[in-house]
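A short write-up of the structure that comes next.
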Amino acid sequence: MNLQSVPLEYYLTLSAILFVIGAVGVLTRRNAIIIFMSIELMLNAVNLTLVAFSQFFGDPGGQIFVFFVMAVAAAEAAVGLAIVLALFRNKQTVYVDEVNIMKW
Amino acid sequence: MLDLAYLIPLFPLIGFLITGFFGKKLKSEALIGGIASAAVGLSFAVAATLFFTLTGLPADARSHTTYIFSWLAAGNFNVDVAYQVDQLSIVYALIVTGIGTLIHIYSMGYMHGDKSYPRFFAYLNLFIFMMLNLVLANNFLLTFLGWEGVGLCSYLLIGFWYDRKFEGVNIRFTGDAANKAFIANRIGDFGVLIAMFLIYKTFGTLEYNAVNTAAAVAPPDAGIMTAIALLLFLGSTGKSAQLPLAVWLPDAMAGPTPVSALIHAATMVTAGIFLVARNATLFALAPDAMTVVAVVGVTTALVAATIGIVQNDIKKVLAYSTVSQLGFMFAALGVGAFTAAVFHVMTHAFFKALLFLGSGSVIHGMHEEQDIQKMGGLKKYMPVTHRTFLIGTIAISGIPPLAGFFSKDEILWMTFEHGGHGPMWIILAIAAFCTAFYMFRLYYLTFGGKERFDHHRLHPHESPVTMTLPLNVLAFLSVVGGFLGVPYALGFFASDHPNLLENWLGPIFSQANGILGRGEHHSIHAIEYVLMAASIAIATAGILLASKLYKEESEKPAELARKFKGAYNLLLHKYRIDEIYQALVVSFIYQFSERFLWKVFDVKIVDGLINGAAKTTQSAGESLRRIQSGVTQNYALLMIAGIVVILTWLAVG
Amino acid sequence: MLQDFLNSAPIPLLSALATLVMLLDAMKRDGARIVFGFSVFSLTAAMAAAIYTMFLPDKTTAFNNMITCGGYGAYFDIVFCLGGVLTLLAARPFLLASNTEHGEFYSLILFSICGMFLIAHSNNLLTLFIGIEVMSVSFYILSGYLRTSRFSIEASLKYFLLGAFITGFLVYGMALIYGSAGALGYNEIYQAVQGETGARFPMILLLGMGLLIIGLSFKSAIFPFHQWAPDVYQGAPTIVTAFMSTAGKAAAFSAFIPILAVLTPESSSPVAAKIGMLLAVLSAATMLVGNISAVVQKNIKRMLAYSSVAHAGYMMMGLAAGSVRGASGIVFYVTAYMFMQIGAFILISALERGSEERYQNLEDYAGLAKKHPVMAALMSVFMLSLTGIPPFAGFFGKYYLFTAAIESGYTWLTIIAVISSVISVYFYIGLIVAMYFRESDVQEQDSRPGLAGISLVISAAGVIILGVIPQFIDKIAKSLF
């Protein structure tokens with residue numbers, strides 16, 4: 001089956017669904033690492049949109065953007081895991097709802 | 001010559017910089033006070049020189065603007081730091097610097113030995129600088145700078161003795177009183193700010209002359225004019241302590257007494273009158289707003305005067321009296337008698353500064369005692385203070401030929417002629433009666449009668465010459481100041497233009513008077529003589545009532561009661577007559593003013609409004625902080641909600 | 001190619017120097033003092049380069065239209081560098097006092113400024129994205145810099161999770177704009193949006209714009225995306241908060257202005273009106289929520305954090321106005337805000353002297369005028385300026401923005417802004433009252449701000465100079481558009 005034959009809307013809908021799944025994951029999971037995985041899912045959903053548009057326009061810009069999103073996601077992952085590690089050392093927990101000494 | 005106007009605010013600024021930054025190093029009190037006083041004195045000299053230069057010019061050339069530098073320039077919008085010397089601003093500048101100088105000199109004696117002596121003079125000089133910016137500015141923005149500046153200085157000076165206890169509603173320390181003043185003022189400032197935006201939007205400029213001329217030539221929509229005038233007036237009610245924002249002034253008495261005299265009686269509180277007078281044309285084009293001004297002025301005059309009757313703190317009596325007199329001035333503005341208002345600003349500055357400084361001298365001599373029930377008989381201890389205070393009291397009561405008579409009488413007459421021939425005049429007349437009454441009550445309780453203080457603890461003494469000298473000068477001015485505005489009806493002894501001040505200020509208000517359809521000359525009415533006689537009679541009645549109740553009140557009864565029981569009963573009987581009298585008239589006013597006006601109106605309603613606004617904000621803050629739960633995912637949830645709402649609105653709406 | 005490097009001099013220069021700083025730190029143990037000196041030098045050099053490029057002709061671009069050069073971007077470069085220098089000078093005594101001075105602190109500040117440079121210069125969504133991420137990732141680390149402090153680490157975690165979360169939306173927005181306009185470059189987007197046919201999918205474009213505005217709103221702490229700010233600003237090391245809350249906010253607004261100009265070219269179009277209304281509503285809600293929440297705060301950093309939320313709301317008025325006056329008003333405000341806010345936070349950091357307990361609560365400031373008269377006076381200047389009282393910088397900042405909003409017909413927004421400024425008097429002046437009119441029974445030894453003193457004096461001077469001759473900066477700001 002030719003890739004061209006799949007309409008743009010399908011890609012967009014799929015990526016929107018993936019994005020929403022990721023967002024719901026962020027809202028519902030307590031574990032900081034799983035929250036971060038959900039965020040990665042959201043970013044990858046966006047990547048799908050970018051690639052789909054890129055393919056649709058025949059313009060490479062979108063695909064290049066995807067590379068950068070992936071690179072940035074990797075950087076964020078490194079920093080994020082370091083932060084979670086420091087948090088665990090400090091408070092012996094990775095559950096975000098237990099991290100609320102600052103409020104109001 | 002007139003370009004030297006910039007010198008007027010410059011000297012106090014220099015004084016402020018010296019006393020503010022090197023005050024601690026100068027060490028010598030005389031030097032610090034001397035520098036500060038000299039700075040203001042030099043300003044006065046310059047202002048006087050400019051005044052005489054102006055008098056040498058033809059009447060229509062007596063307005064000169066000195067550009068210092070361009071302050072804001074944005075496209076066609078341009079605001080300069082520029083000082084406008086004209087008939088109105090020079091009168092104000094003379095009052096501010098003249099009385100300012102006297103009060104600086106007075107303060108050298110009054111503040112002697114205070115640990116923050118340099119700070120006090122630095123604030124005082126800064127205040128004079130800001131006040132001069134306010135009155136000399138040629139545009140709204142520079143006036144607003146001064147307006148905010150004097151508010152700040154007032155705030156700093158009210159709280160000068162920030163750790164002293166101070167009695168008041170919801171107030172325990174002087175710092176709280178300062179806060180109250182600041183908040184009330186900010187509500188007013190908010191009005192001025194919006195008015196400035198509206199003026200700029202309507203006229204495209206913020207220069208007084210341009211705005212007023214543009215308004216006179218092509219009056220914009222009446223609704224806009226009313227809004228602008230009312231917003232400006234809102235600012236005035238804050239600064240000049242009119243209802244409903246009057247509450248702060250009596251509490252502002254927490255500050256040192258010279259401050260009360262300078263800022264809270266003679267100068268800053270009259271800034272509201274200045275703002276209205278400066279924009280007389282704008283107000284003349286908004287008749288509805290004029291009515292509001294008049295009604296607020298009259299109401300304030302009466303309410304404050306009646307409250308003044310029951311106060312026992314010497315400074316609070318004077319404070320309510322100031323509020324009441326400011327009400328007179330606004331009443332005059334409201335009926336279009338701009339000259340009369342400025343005239344009363346001037347005479348009031350003389351005698352009220354005198355009274356406050358006199359009270360300061362009393363407080364000084366009595367070692368910080370302010371309760372008049374614990375004074376009495378000070379006549380023989382403080383002869384100079386007594387004599388000058390009496391002059392001030394007579395002047396404010398409105399007995400001719402002292403200053404207060406002329407200005408108050410002009411206001412009464414103008415409200416009669418232009419304010420509906422009756423109701424306003426009657427209310428103001430009652431207020432004038434109360435004024436005479438409570439001022440003489442104050443006078444008798446303080447200086448007359450028996451000595452009610454503890455002789456072992458207190459040794460009243462006359463104040464030093466630095467304090468009595470200003471008292472004498474102000475007493476002199478309070479006596480003769482009124483001759484600047486002799487009414488036309490009494491003009492038979494000065495052939496041509498007996499009302500010098502009206503001639504002087506005439507060109508400033510000619511536009512406004514033209515709009516209001518006021519003629520240049522007064523015809524002499526027989527009715528004016530009648531009213532004049534009535535106002536003298538009213539004042540005399542107030543004085544007589546006060547002397548009947550207070551002159552001898554505390555002397556004999558307690559002393560004789562022990563020695564002669566029979567005679568005591570007789571005296572008691574005499575007192576019963578007084579009691580009936582009191583029950584019928586005074587007590588009613590007492591009760592009404594204490595129970596309702598003071599305890600309910602002032603405390604509950606007006607204070608309540610201001611405290612209520614603060615409480616509402618507080619509780620809104622308390623509930624808003626609940627959504628800040630500290631849990632990250634709740635934040636994310638609010639974000640998602642926001643995103644959904646925004647996107648839906650963008651997509652659908 | 002060489003011309004491109006010269007025209008965009010601050011960016012490659014600072015990137016190279018920042019990398020060098022990092023390497024220097026890695027190679028020289030215990031060389032923090034040298035790293036500090038070199039960092040300050042780097043920022044000064046970048047600032048000089050920015051001033052040099054300031055005078056390039058309009059609309060100069062570099063690297064295939066990826067970035068703009070000179071003018072607008074260069075002005076912001078100067079502001080960022082200034083903020084960086086002020087922060088660095090105050091950071092050293094702060095870090096020494098808490099015994100946590102490491103070279104990477106300085107290089108992280110430099111990297112975040114590199115990101116800001118890219119943001120201000122971006123002429124392509126890709127550049128904008130990279131700039132935002134470089135800045136944000138540096139900020140995540142900086143806010144958790146005191147990694148043994150539970151406050152600092154909590155701030156870092158919250159900032160990171162929420163920041164990464166919103167990055168998803170931001171990129172989604174960019175993807176949708178790309179999908180509608182068919183290109184990532186601002187020039188192409190501008191043409192596509194303006195063209196006769198308009199964008200290919202107007203609805204997708206609208207949603208993309210919405211998401212982009214949301215993403216940038218998060219970075220500038222606009223309601224309802226502001227909730228991270230109080231927690232992060234409170235928990236992060238004070239000196240980092242000083243930098244984040246000023247330069248970070250300035251960077252977000254430096255992205256806002258050009259992208260909105262590109263996306264809503266005709267201010268009369270229905271789309272522009274809709275976006276304008278959205279921004280106005282966000283602005284109004286932000287200043288009310290910020291100021292009202294600040295009223296009840298007891299912790300001074302938290303209070304200033306809420307106040308910084310409110311100030312973002314004021315700045316957004318300029319965006320809602322959508323005019324040159326609005327944009328130049330923002331530029332002025334950003335500059336003024338840089339001085340007053342950074343000054344206030346640096347002052348707190350100087351008083352803290354490395355402890356997370358000292359001078360945290362408002363009551364700790366009671367009687368400060370007696371203990372540290374100069375500090376109290378400086379703090380009063382900053383507070384009065386934040387309140388918006390003339391003749392300080394904050395007054396004119398507000399003044400320009402308010403006039404801009406009125407000129408664009410948002411009178412109601414101005415009224416809300418004035419009301420919320422009146423509310424803000426309560427807590428700003430409350431601090432002054434505490435410092436001057438309340439007594440404290442705590443005795444303490446003399447605190448010497450050291451290098452931070454220089455920052456404080458510069459900030460106070462800036463606040464006053466901008467208040468006395470505002471039209472100087474205003475003229476420059478107008479010339480940028």
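Letters for chains follow the order of the structure tokens (A, B, ...), residue numbers begin at 1 for each chain, and ligand numbers begin at 1 in the order shown.
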Applying 9 Å and only C-alpha atoms, which residues near Phe36 in chain A remain after dropping the ones on its own chain fewer than 3 positions away? List them as a ChimeraX atom specification. /A:26,31-33,39-41,77,80-81 /C:161,164-165
Resulting file, chosen residues, C-alpha atoms, as a compact mmCIF listing (two decimals), in the first residue's frame:
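Now in again18.txt:
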# COMPACT_ATOMS: atom_id res chain seq x y z
CA VAL A 26 0.43 13.22 32.91
CA ASN A 31 5.14 8.43 39.56
CA ALA A 32 7.37 11.20 38.25
CA ILE A 33 9.09 8.87 35.80
CA ILE A 39 5.23 13.65 28.19
CA GLU A 40 7.52 11.81 25.79
CA LEU A 41 4.43 10.25 24.27
CA ALA A 77 15.25 13.20 29.71
CA GLY A 80 14.68 15.11 34.22
CA LEU A 81 16.08 11.83 35.44
CA LEU C 161 7.47 18.45 34.79
CA ALA C 164 8.13 19.66 29.65
CA PHE C 165 4.38 19.16 29.67
Which residues of chain A are close to chain C, meaning at most 8 Å apart when you count only C-alpha atoms, and how do they look as JSON, numbers by chain? {"A": [23, 26, 35, 36, 39, 42, 43, 46, 49, 50, 53, 54, 57, 59, 61, 62, 65, 68, 72, 75, 76, 79, 80, 83, 84, 86, 87, 90, 91, 99, 100, 101, 102, 103]}
Based on the selection just made, write C-alpha atoms of those residues as a PDB file, in the first residue's frame.
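So the final result, stored in result_20.pdb, reads:
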ATOM      1  CA  ALA A  23      -1.800  14.328  28.478  1.00  0.00           C
ATOM      2  CA  VAL A  26       0.426  13.217  32.911  1.00  0.00           C
ATOM      3  CA  ILE A  35       4.642  11.211  34.041  1.00  0.00           C
ATOM      4  CA  PHE A  36       7.741  11.986  32.123  1.00  0.00           C
ATOM      5  CA  ILE A  39       5.226  13.654  28.187  1.00  0.00           C
ATOM      6  CA  MET A  42       2.966  13.699  23.735  1.00  0.00           C
ATOM      7  CA  LEU A  43       6.150  14.867  22.041  1.00  0.00           C
ATOM      8  CA  VAL A  46       3.598  15.923  17.734  1.00  0.00           C
ATOM      9  CA  THR A  49       1.987  15.413  13.003  1.00  0.00           C
ATOM     10  CA  LEU A  50       5.139  17.110  11.810  1.00  0.00           C
ATOM     11  CA  PHE A  53       2.612  17.508   7.219  1.00  0.00           C
ATOM     12  CA  SER A  54       6.138  17.300   5.905  1.00  0.00           C
ATOM     13  CA  PHE A  57       3.812  19.323   1.563  1.00  0.00           C
ATOM     14  CA  ASP A  59       8.820  19.945   2.438  1.00  0.00           C
ATOM     15  CA  GLY A  61      11.432  21.316   7.151  1.00  0.00           C
ATOM     16  CA  GLY A  62       9.017  19.328   9.264  1.00  0.00           C
ATOM     17  CA  PHE A  65      12.093  19.809  13.163  1.00  0.00           C
ATOM     18  CA  PHE A  68      15.452  18.624  16.925  1.00  0.00           C
ATOM     19  CA  VAL A  72      15.677  18.177  22.911  1.00  0.00           C
ATOM     20  CA  ALA A  75      18.341  16.407  26.749  1.00  0.00           C
ATOM     21  CA  GLU A  76      15.220  16.864  28.814  1.00  0.00           C
ATOM     22  CA  VAL A  79      18.006  16.493  33.096  1.00  0.00           C
ATOM     23  CA  GLY A  80      14.679  15.115  34.225  1.00  0.00           C
ATOM     24  CA  ILE A  83      16.209  15.802  39.018  1.00  0.00           C
ATOM     25  CA  VAL A  84      14.138  12.769  39.962  1.00  0.00           C
ATOM     26  CA  ALA A  86      18.096  14.140  43.428  1.00  0.00           C
ATOM     27  CA  LEU A  87      14.510  14.182  44.623  1.00  0.00           C
ATOM     28  CA  ASN A  90      16.226  13.998  49.361  1.00  0.00           C
ATOM     29  CA  LYS A  91      12.790  12.655  50.149  1.00  0.00           C
ATOM     30  CA  VAL A  99       6.146  16.776  46.923  1.00  0.00           C
ATOM     31  CA  ASN A 100       4.127  19.740  48.105  1.00  0.00           C
ATOM     32  CA  ILE A 101       5.869  21.647  50.853  1.00  0.00           C
ATOM     33  CA  MET A 102       5.402  24.837  48.876  1.00  0.00           C
ATOM     34  CA  LYS A 103       1.809  25.810  48.348  1.00  0.00           C
TER      35      LYS A 103
END
Enter the distance from CA of Ala332 in chain B to CA of Ile411 in chain B, in Å, rounded to one decimal. 5.6 Å
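Atom to atom, CA of Gln63 in chain A and CA of Glu188 in chain C stand 17.3 Å apart.
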Near-range 343-356 of chain C list (8 Å; only C-alpha atoms; drop same-chain fewer than 5 positions) as an NGL selection string: :C and (87 or 90 or 93-99 or 238-239 or 241-242 or 301 or 375 or 379 or 382-383 or 447-449 or 452 or 455-456 or 459-460)
Just C-alpha atoms for this one: save the residues we selected as a compact mmCIF listing (two decimals), in the first residue's frame.
# COMPACT_ATOMS: atom_id res chain seq x y z
CA THR C 87 23.00 38.28 38.54
CA ALA C 90 25.43 39.05 43.15
CA PRO C 93 28.81 36.27 47.31
CA PHE C 94 25.54 34.33 47.53
CA LEU C 95 27.14 31.04 46.49
CA LEU C 96 30.18 31.58 48.67
CA ALA C 97 27.98 32.22 51.67
CA SER C 98 26.08 28.98 51.14
CA ASN C 99 29.29 27.17 50.31
CA THR C 238 17.08 33.42 45.38
CA ILE C 239 19.70 34.52 42.95
CA THR C 241 14.86 33.45 40.93
CA ALA C 242 16.18 36.95 40.37
CA LYS C 301 9.85 35.52 47.67
CA MET C 375 19.31 48.22 52.21
CA MET C 379 14.28 48.09 48.85
CA PHE C 382 12.36 48.96 44.20
CA MET C 383 9.00 48.57 45.91
CA SER C 447 25.74 42.26 56.60
CA ARG C 448 27.99 43.27 53.77
CA PRO C 449 26.61 42.79 50.31
CA ALA C 452 26.06 42.29 45.16
CA SER C 455 24.38 45.08 41.29
CA LEU C 456 22.10 46.83 43.74
CA SER C 459 19.64 48.44 39.62
CA ALA C 460 18.60 51.37 41.77
Residues of chain C were defined as contacting chain B if any atom lay at most 7 Å from it, counting only C-alpha atoms; please report them as a PyMOL selection string. chain C and resi 158+162+203+206-207+210+224-225+227+292-293+295-296+390-391+437+469-471
Could you write out, as a ChimeraX atom specification, all the residues of range 335-453 of chain C that DSSP marks as alpha helix (DSSP H)? /C:335-352,368-371,373-387,393-407,411-437,451-453
What is the CA of Tyr106 in chain C to CA of Met338 in chain C distance in Å? 19.2 Å
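Residues surrounding Lys370 in chain C within 9 Å are Gly367, Leu368, His372, Pro373, Ala376, Met435, Tyr436, Glu439 and Ser440 of chain C [only C-alpha atoms; sequence separation below 2 positions excluded].
Take the candidates A:Trp104, A:Gln55, A:Val69, A:Phe88 and check each one against chain B using only C-alpha atoms; the shortest distance goes to A:Trp104.
Once Thr300 in chain B and its same-chain neighbours fewer than 4 positions away are set aside, Gln242, Leu243, Val296, Ala304, Val323, Ser324 and Gly327 of chain B remain within 8 Å of it when counting only C-alpha atoms.
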Selection from above, N, CA and C atoms, as a compact mmCIF listing (two decimals), in the first residue's frame, can you write it?
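Okay, this is what ended up in again34.txt:
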# COMPACT_ATOMS: atom_id res chain seq x y z
N GLN B 242 -12.41 65.17 51.95
CA GLN B 242 -13.85 65.41 51.88
C GLN B 242 -14.56 64.07 51.99
N LEU B 243 -15.81 64.12 52.35
CA LEU B 243 -16.59 62.89 52.37
C LEU B 243 -16.63 62.32 50.97
N VAL B 296 -21.21 67.84 48.18
CA VAL B 296 -20.20 67.19 49.03
C VAL B 296 -19.56 68.21 49.96
N ALA B 304 -18.47 67.65 59.61
CA ALA B 304 -17.22 67.79 60.35
C ALA B 304 -17.35 68.80 61.47
N VAL B 323 -11.30 69.90 58.16
CA VAL B 323 -12.17 69.21 57.21
C VAL B 323 -13.39 70.09 56.90
N SER B 324 -13.94 70.68 57.96
CA SER B 324 -15.12 71.50 57.77
C SER B 324 -14.82 72.72 56.91
N GLY B 327 -14.55 71.91 53.43
CA GLY B 327 -15.91 71.76 52.91
C GLY B 327 -16.46 73.10 52.45
Find the residues near Ser28 in chain B: any atom within 12 Å, counting only C-alpha atoms, skip ones fewer than 2 places away on the same chain, and give them as JSON, numbers by chain. {"B": [19, 22, 23, 24, 25, 26, 30, 31, 32, 33, 34, 35, 108, 112, 113, 117, 118]}
Could you write out the selected residues, including C-alpha atoms, as a compact mmCIF listing (two decimals), in the first residue's frame?
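For reference, out-v1.txt as written:
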# COMPACT_ATOMS: atom_id res chain seq x y z
CA THR B 19 19.68 67.44 54.98
CA PHE B 22 24.52 64.76 55.05
CA GLY B 23 22.11 65.48 57.86
CA LYS B 24 23.66 62.92 60.17
CA LYS B 25 27.14 64.30 59.52
CA LEU B 26 26.20 67.92 60.12
CA ALA B 30 20.87 74.78 64.29
CA LEU B 31 22.79 74.19 61.09
CA ILE B 32 20.41 71.54 59.77
CA GLY B 33 17.30 73.50 60.65
CA GLY B 34 18.93 76.66 59.35
CA ILE B 35 19.75 75.13 55.98
CA MET B 108 13.57 74.09 64.84
CA HIS B 112 14.62 70.21 69.36
CA GLY B 113 16.31 67.14 70.77
CA TYR B 117 15.95 65.73 63.64
CA PRO B 118 17.71 65.67 60.21
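Checking A:Ile64, A:Phe56, A:Arg89, A:Val24 one by one against chain B, counting only C-alpha atoms, you find the shortest gap at A:Val24.
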List every residue of range 1-136 of chain B that DSSP, applied to the backbone of this structure, places in strand (DSSP E), and write the result as a short mmCIF file (atom, residue, chain, number, x, y, z; two decimals) with N, CA and C atoms, in the first residue's frame.
data_model
loop_
_atom_site.label_atom_id
_atom_site.label_comp_id
_atom_site.auth_asym_id
_atom_site.auth_seq_id
_atom_site.Cartn_x
_atom_site.Cartn_y
_atom_site.Cartn_z
N HIS B 64 3.25 82.87 32.43
CA HIS B 64 4.53 82.59 31.79
C HIS B 64 4.93 81.15 32.07
N THR B 65 5.36 80.47 31.02
CA THR B 65 5.76 79.07 31.20
C THR B 65 7.26 78.93 30.97
N THR B 66 7.92 78.29 31.90
CA THR B 66 9.36 78.06 31.77
C THR B 66 9.58 76.58 31.48
N TYR B 67 10.17 76.28 30.35
CA TYR B 67 10.42 74.87 30.02
C TYR B 67 11.76 74.44 30.57
N ILE B 68 11.77 73.37 31.31
CA ILE B 68 13.03 72.89 31.86
C ILE B 68 13.60 71.82 30.94
N PHE B 69 12.89 70.72 30.80
CA PHE B 69 13.29 69.75 29.78
C PHE B 69 12.09 68.91 29.36
N SER B 70 12.27 68.27 28.21
CA SER B 70 11.19 67.43 27.71
C SER B 70 11.20 66.12 28.48
N TRP B 71 10.08 65.80 29.07
CA TRP B 71 10.03 64.67 29.99
C TRP B 71 9.66 63.40 29.25
N LEU B 72 8.57 63.48 28.54
CA LEU B 72 8.08 62.32 27.81
C LEU B 72 7.78 62.79 26.42
N ALA B 73 8.25 62.09 25.44
CA ALA B 73 7.86 62.43 24.09
C ALA B 73 7.54 61.15 23.37
N ALA B 74 6.33 61.01 22.93
CA ALA B 74 5.94 59.80 22.22
C ALA B 74 5.01 60.21 21.11
N PHE B 77 2.48 62.97 21.37
CA PHE B 77 2.25 63.14 22.80
C PHE B 77 3.52 63.69 23.44
N ASN B 78 3.36 64.78 24.13
CA ASN B 78 4.54 65.45 24.62
C ASN B 78 4.26 66.02 26.00
N VAL B 79 5.08 65.68 26.95
CA VAL B 79 4.94 66.27 28.28
C VAL B 79 6.29 66.82 28.69
N ASP B 80 6.29 68.08 29.10
CA ASP B 80 7.53 68.71 29.52
C ASP B 80 7.53 68.86 31.02
N VAL B 81 8.74 68.93 31.56
CA VAL B 81 8.86 69.46 32.91
C VAL B 81 8.89 70.96 32.71
N ALA B 82 7.78 71.61 32.98
CA ALA B 82 7.68 73.04 32.73
C ALA B 82 6.88 73.66 33.85
N TYR B 83 7.34 74.83 34.27
CA TYR B 83 6.66 75.52 35.37
C TYR B 83 5.90 76.71 34.83
N GLN B 84 4.67 76.79 35.24
CA GLN B 84 3.81 77.85 34.77
C GLN B 84 3.58 78.84 35.91
N VAL B 85 4.04 80.05 35.69
CA VAL B 85 3.82 81.08 36.70
C VAL B 85 2.66 81.94 36.23
#
Using only C-alpha atoms, which residue out of A:Val6, A:Leu18, A:Ala78, A:Leu27 lies closest to chain B? A:Leu27
Long-range neighbours of Ile464 in chain C as a list in words, 7 Å cut-off, only C-alpha atoms, 4 positions minimum in chain: Phe392, Ala393, Ala460 and Val468 of chain C
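Nearest to chain B of all the residues A:Asn47, A:Thr28, A:Gln92, A:Ser5 is A:Thr28, counting only C-alpha atoms.
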